[in-house]
file model-v7.tsv (TSV, C-alpha atoms and all ligand atoms)
chain	number	residue	atom	x	y	z
A	1	MET	CA	0.00	0.00	0.00
A	2	SER	CA	1.41	3.36	-1.03
A	3	ASN	CA	0.33	6.83	0.03
A	4	LEU	CA	0.45	8.42	-3.44
A	5	THR	CA	-1.91	8.51	-6.40
A	6	PHE	CA	-2.04	10.49	-9.64
A	7	THR	CA	-5.00	12.33	-11.12
A	8	MET	CA	-5.97	14.44	-14.12
A	9	ILE	CA	-8.96	16.73	-14.30
A	10	LYS	CA	-9.89	15.97	-17.92
A	11	PRO	CA	-10.72	18.43	-20.75
A	12	ASP	CA	-14.52	18.03	-20.31
A	13	ALA	CA	-14.40	19.08	-16.66
A	14	VAL	CA	-12.02	21.95	-17.42
A	15	ARG	CA	-14.31	23.17	-20.24
A	16	ASN	CA	-17.35	22.90	-17.97
A	17	GLY	CA	-15.74	25.10	-15.31
A	18	ASN	CA	-15.41	22.34	-12.73
A	19	ILE	CA	-11.72	22.57	-11.76
A	20	GLY	CA	-12.56	24.38	-8.53
A	21	ASN	CA	-15.44	22.06	-7.57
A	22	ILE	CA	-13.34	18.96	-8.15
A	23	LEU	CA	-10.31	20.30	-6.26
A	24	GLN	CA	-12.60	21.15	-3.36
A	25	MET	CA	-13.93	17.57	-3.27
A	26	ILE	CA	-10.34	16.24	-3.37
A	27	ASN	CA	-9.39	18.59	-0.54
A	28	ASN	CA	-12.44	17.73	1.54
A	29	ALA	CA	-11.67	14.01	1.18
A	30	GLY	CA	-8.33	14.56	2.90
A	31	PHE	CA	-5.85	14.38	0.03
A	32	ARG	CA	-2.74	16.57	0.16
A	33	ILE	CA	-1.47	18.05	-3.11
A	34	VAL	CA	2.16	17.02	-3.67
A	35	ALA	CA	2.44	18.41	-7.24
A	36	MET	CA	0.05	20.13	-9.63
A	37	LYS	CA	0.05	21.73	-13.09
A	38	TYR	CA	-2.37	23.18	-15.64
A	39	THR	CA	-1.25	21.92	-19.02
A	40	ARG	CA	-2.31	20.35	-22.32
A	41	LEU	CA	-1.28	17.02	-23.82
A	42	SER	CA	-0.41	16.68	-27.50
A	43	LEU	CA	-1.99	13.71	-29.29
A	44	ASP	CA	1.39	11.99	-29.14
A	45	GLN	CA	1.77	12.59	-25.40
A	46	ALA	CA	-1.78	11.36	-24.72
A	47	GLY	CA	-0.93	8.24	-26.75
A	48	LYS	CA	2.14	7.61	-24.60
A	49	PHE	CA	0.30	8.23	-21.33
A	50	TYR	CA	-2.43	5.74	-22.27
A	51	GLU	CA	-0.12	3.28	-24.03
A	52	VAL	CA	-1.45	0.38	-21.92
A	53	HIS	CA	-4.79	0.83	-23.71
A	54	LYS	CA	-3.23	0.86	-27.20
A	55	GLU	CA	-5.02	-2.29	-28.36
A	56	ARG	CA	-8.44	-1.21	-27.04
A	57	PRO	CA	-11.09	-0.09	-29.54
A	58	PHE	CA	-11.51	3.22	-27.72
A	59	TYR	CA	-7.79	4.18	-27.80
A	60	GLY	CA	-8.16	6.66	-30.68
A	61	GLU	CA	-11.21	8.31	-29.15
A	62	LEU	CA	-9.50	8.44	-25.75
A	63	THR	CA	-6.29	10.06	-26.99
A	64	GLU	CA	-8.17	12.54	-29.23
A	65	PHE	CA	-10.31	13.57	-26.29
A	66	MET	CA	-7.45	13.82	-23.81
A	67	SER	CA	-5.55	16.11	-26.18
A	68	SER	CA	-8.63	18.22	-27.05
A	69	GLY	CA	-8.14	20.80	-24.31
A	70	SER	CA	-6.25	21.70	-21.18
A	71	ILE	CA	-6.11	19.49	-18.11
A	72	VAL	CA	-4.99	19.69	-14.50
A	73	ALA	CA	-2.48	16.99	-13.54
A	74	ALA	CA	-1.66	16.30	-9.89
A	75	ILE	CA	0.04	13.92	-7.51
A	76	LEU	CA	-2.00	13.40	-4.35
A	77	GLU	CA	-1.03	12.02	-0.96
A	78	LYS	CA	-3.17	10.24	1.60
A	79	GLU	CA	-3.06	6.95	3.44
A	80	ASN	CA	-4.41	4.27	1.05
A	81	ALA	CA	-4.39	6.90	-1.71
A	82	VAL	CA	-5.09	4.75	-4.80
A	83	ALA	CA	-8.12	2.93	-3.39
A	84	ASP	CA	-9.54	5.93	-1.53
A	85	PHE	CA	-9.25	8.13	-4.61
A	86	ARG	CA	-11.01	5.54	-6.77
A	87	THR	CA	-13.83	5.52	-4.23
A	88	LEU	CA	-14.01	9.33	-4.37
A	89	ILE	CA	-14.17	9.46	-8.17
A	90	GLY	CA	-16.61	6.55	-8.67
A	91	ALA	CA	-16.97	4.04	-11.51
A	92	THR	CA	-15.37	4.71	-14.92
A	93	ASN	CA	-18.85	4.88	-16.45
A	94	PRO	CA	-20.69	7.74	-14.67
A	95	ALA	CA	-24.00	5.90	-15.18
A	96	GLN	CA	-22.67	3.31	-12.72
A	97	ALA	CA	-20.98	5.76	-10.33
A	98	GLU	CA	-22.21	6.06	-6.73
A	99	GLU	CA	-24.08	9.18	-5.63
A	100	GLY	CA	-21.75	11.85	-4.31
A	101	THR	CA	-18.74	10.76	-6.37
A	102	ILE	CA	-16.88	13.14	-8.66
A	103	ARG	CA	-17.90	11.27	-11.80
A	104	LYS	CA	-21.55	11.05	-10.73
A	105	LYS	CA	-21.56	14.84	-10.31
A	106	TYR	CA	-19.41	16.01	-13.18
A	107	ALA	CA	-18.90	13.27	-15.81
A	108	THR	CA	-21.14	12.87	-18.85
A	109	SER	CA	-20.04	9.57	-20.43
A	110	ILE	CA	-17.53	6.73	-20.11
A	111	GLY	CA	-15.18	8.60	-22.42
A	112	GLU	CA	-15.71	12.09	-21.05
A	113	ASN	CA	-15.55	11.10	-17.41
A	114	ALA	CA	-14.16	14.26	-15.78
A	115	VAL	CA	-11.20	12.73	-13.92
A	116	HIS	CA	-8.52	10.07	-14.12
A	117	GLY	CA	-7.29	8.14	-11.10
A	118	SER	CA	-4.41	5.64	-11.01
A	119	ASP	CA	-5.47	1.99	-10.77
A	120	SER	CA	-2.43	0.73	-8.80
A	121	ASP	CA	0.49	1.96	-6.71
A	122	GLU	CA	2.85	1.03	-9.51
A	123	ASN	CA	0.93	3.03	-12.10
A	124	ALA	CA	0.60	5.98	-9.70
A	125	LEU	CA	4.40	6.26	-9.66
A	126	ILE	CA	4.72	5.83	-13.44
A	127	GLU	CA	1.96	8.37	-14.17
A	128	GLY	CA	3.28	10.90	-11.65
A	129	ALA	CA	6.75	10.64	-13.21
A	130	PHE	CA	5.23	11.26	-16.67
A	131	PHE	CA	4.29	14.81	-15.61
A	132	PHE	CA	6.51	15.80	-12.69
A	133	SER	CA	10.21	15.89	-11.88
A	134	GLY	CA	11.49	15.60	-8.33
A	135	LEU	CA	11.93	19.40	-8.26
A	136	GLU	CA	8.19	19.90	-8.86
A	137	ARG	CA	7.06	17.89	-5.82
A	138	PHE	CA	6.54	19.46	-2.42
B	1	LIG	P1	-9.32	6.62	-17.17
B	1	LIG	O1	-9.49	6.36	-15.71
B	1	LIG	O2	-8.66	7.89	-17.55
B	1	LIG	O3	-8.52	5.40	-17.83
B	1	LIG	C1	-8.74	4.95	-19.14
B	1	LIG	C2	-9.85	5.69	-19.81
B	1	LIG	O4	-10.36	5.08	-20.96
B	1	LIG	C3	-11.04	5.75	-18.88
B	1	LIG	O5	-10.77	6.61	-17.82
B	1	LIG	C4	-12.15	6.16	-19.82
B	1	LIG	O6	-12.25	7.57	-19.94
B	1	LIG	C5	-11.68	5.57	-21.12
B	1	LIG	N1	-12.56	4.48	-21.50
B	1	LIG	C6	-12.71	3.30	-20.89
B	1	LIG	N2	-13.63	2.55	-21.54
B	1	LIG	C7	-14.05	3.29	-22.58
B	1	LIG	C8	-14.99	3.07	-23.63
B	1	LIG	N3	-15.68	1.92	-23.71
B	1	LIG	N4	-15.18	4.05	-24.53
B	1	LIG	C9	-14.48	5.21	-24.45
B	1	LIG	N5	-13.56	5.46	-23.48
B	1	LIG	C10	-13.37	4.52	-22.56
call {"tool": "encode", "arguments": {"input": "model-v7.tsv", "output": "structure tokens", "more": "lines below"}}
Ligand code: CMP
result
Amino acid sequence: MSNLTFTMIKPDAVRNGNIGNILQMINNAGFRIVAMKYTRLSLDQAGKFYEVHKERPFYGELTEFMSSGSIVAAILEKENAVADFRTLIGATNPAQAEEGTIRKKYATSIGENAVHGSDSDENALIEGAFFFSGLERF
């Protein structure tokens, strides 16, 4: 069990003006921000970030969407961070997300689902390192 996870507030949530609402929910759930940036992925960078999904039928749609606008990327710290953050964001498909979760409130579809959350401690480290150097973590 690690105490770090990685998240992105996705282009749909940024476009809809929900950065502040989502950060407040993250704060209220007890996560500490270790690193954060407002940025935009190129199609190539989105392809690299989601390389594990390369063979999936939705890979093209996913990478197009993730490079369609700006995002907020962040490393978050909390005891049991990966599992607790996945509980906070809810199911990948917002139609199946629990009431009160970030995706239930702010996501519109399985593709445009407002936030990303790491699915394992190992991936949290890999994903955090994709965006942040050691000098950008506090
Ligand atoms: P995320 O947690 O960022 O990790 C992989 C993403 O792929 C996932 O959120 C969804 O946004 C996306 N995804 C998963 N399944 C589908 C699907 N069937 N169609 C489109 N996008 C999907």
call {"tool": "residues_around", "arguments": {"input": "model-v7.tsv", "residues": "A:Ala35", "least_positions_apart": "6", "cutoff": "8 Å", "atoms": "all atoms listed in the file", "output": "list of chain:residue names"}}
result
A:Ala74, A:Ile75, A:Leu76, A:Phe132, A:Glu136, A:Arg137, A:Phe138
call {"tool": "write_last_selection", "arguments": {"input": "model-v7.tsv", "atoms": "C-alpha atoms", "output": "JSON list (two decimals), in the coordinates of the input"}}
result
[["chain", "number", "residue", "atom", "x", "y", "z"],
["A", 74, "ALA", "CA", -1.66, 16.30, -9.89],
["A", 75, "ILE", "CA", 0.04, 13.92, -7.51],
["A", 76, "LEU", "CA", -2.00, 13.40, -4.35],
["A", 132, "PHE", "CA", 6.51, 15.80, -12.69],
["A", 136, "GLU", "CA", 8.19, 19.90, -8.86],
["A", 137, "ARG", "CA", 7.06, 17.89, -5.82],
["A", 138, "PHE", "CA", 6.54, 19.46, -2.42]]
call {"tool": "residues_around", "arguments": {"input": "model-v7.tsv", "residues": "stretch 43-46 of chain A", "least_positions_apart": "5", "cutoff": "12 Å", "atoms": "only C-alpha atoms", "output": "ChimeraX atom specification"}}
result
/A:8,10,51-54,59-71,127,130-131
call {"tool": "atom_distance", "arguments": {"input": "model-v7.tsv", "atom1": "atom CA of A:Ser118", "atom2": "atom CA of A:Lys48"}}
result
15.2 Å
call {"tool": "residues_near_ligand", "arguments": {"input": "model-v7.tsv", "ligand": "ligand LIG 1 (chain B)", "cutoff": "6 Å", "atoms": "only C-alpha atoms and all ligand atoms", "output": "ChimeraX atom specification"}}
result
/A:58,62,92,110-113,116-117
call {"tool": "axis_aligned_box", "arguments": {"input": "model-v7.tsv", "around": "stretch 15-34 of chain A", "padding_each_side": "6 Å", "output": "JSON"}}
result
{"center_x": -7.6, "center_y": 19.6, "center_z": -8.7, "size_x": 31.5, "size_y": 23.1, "size_z": 35.1}
call {"tool": "atom_distance", "arguments": {"input": "model-v7.tsv", "atom1": "atom CA of A:Ala29", "atom2": "atom CA of A:Arg15"}}
result
23.4 Å
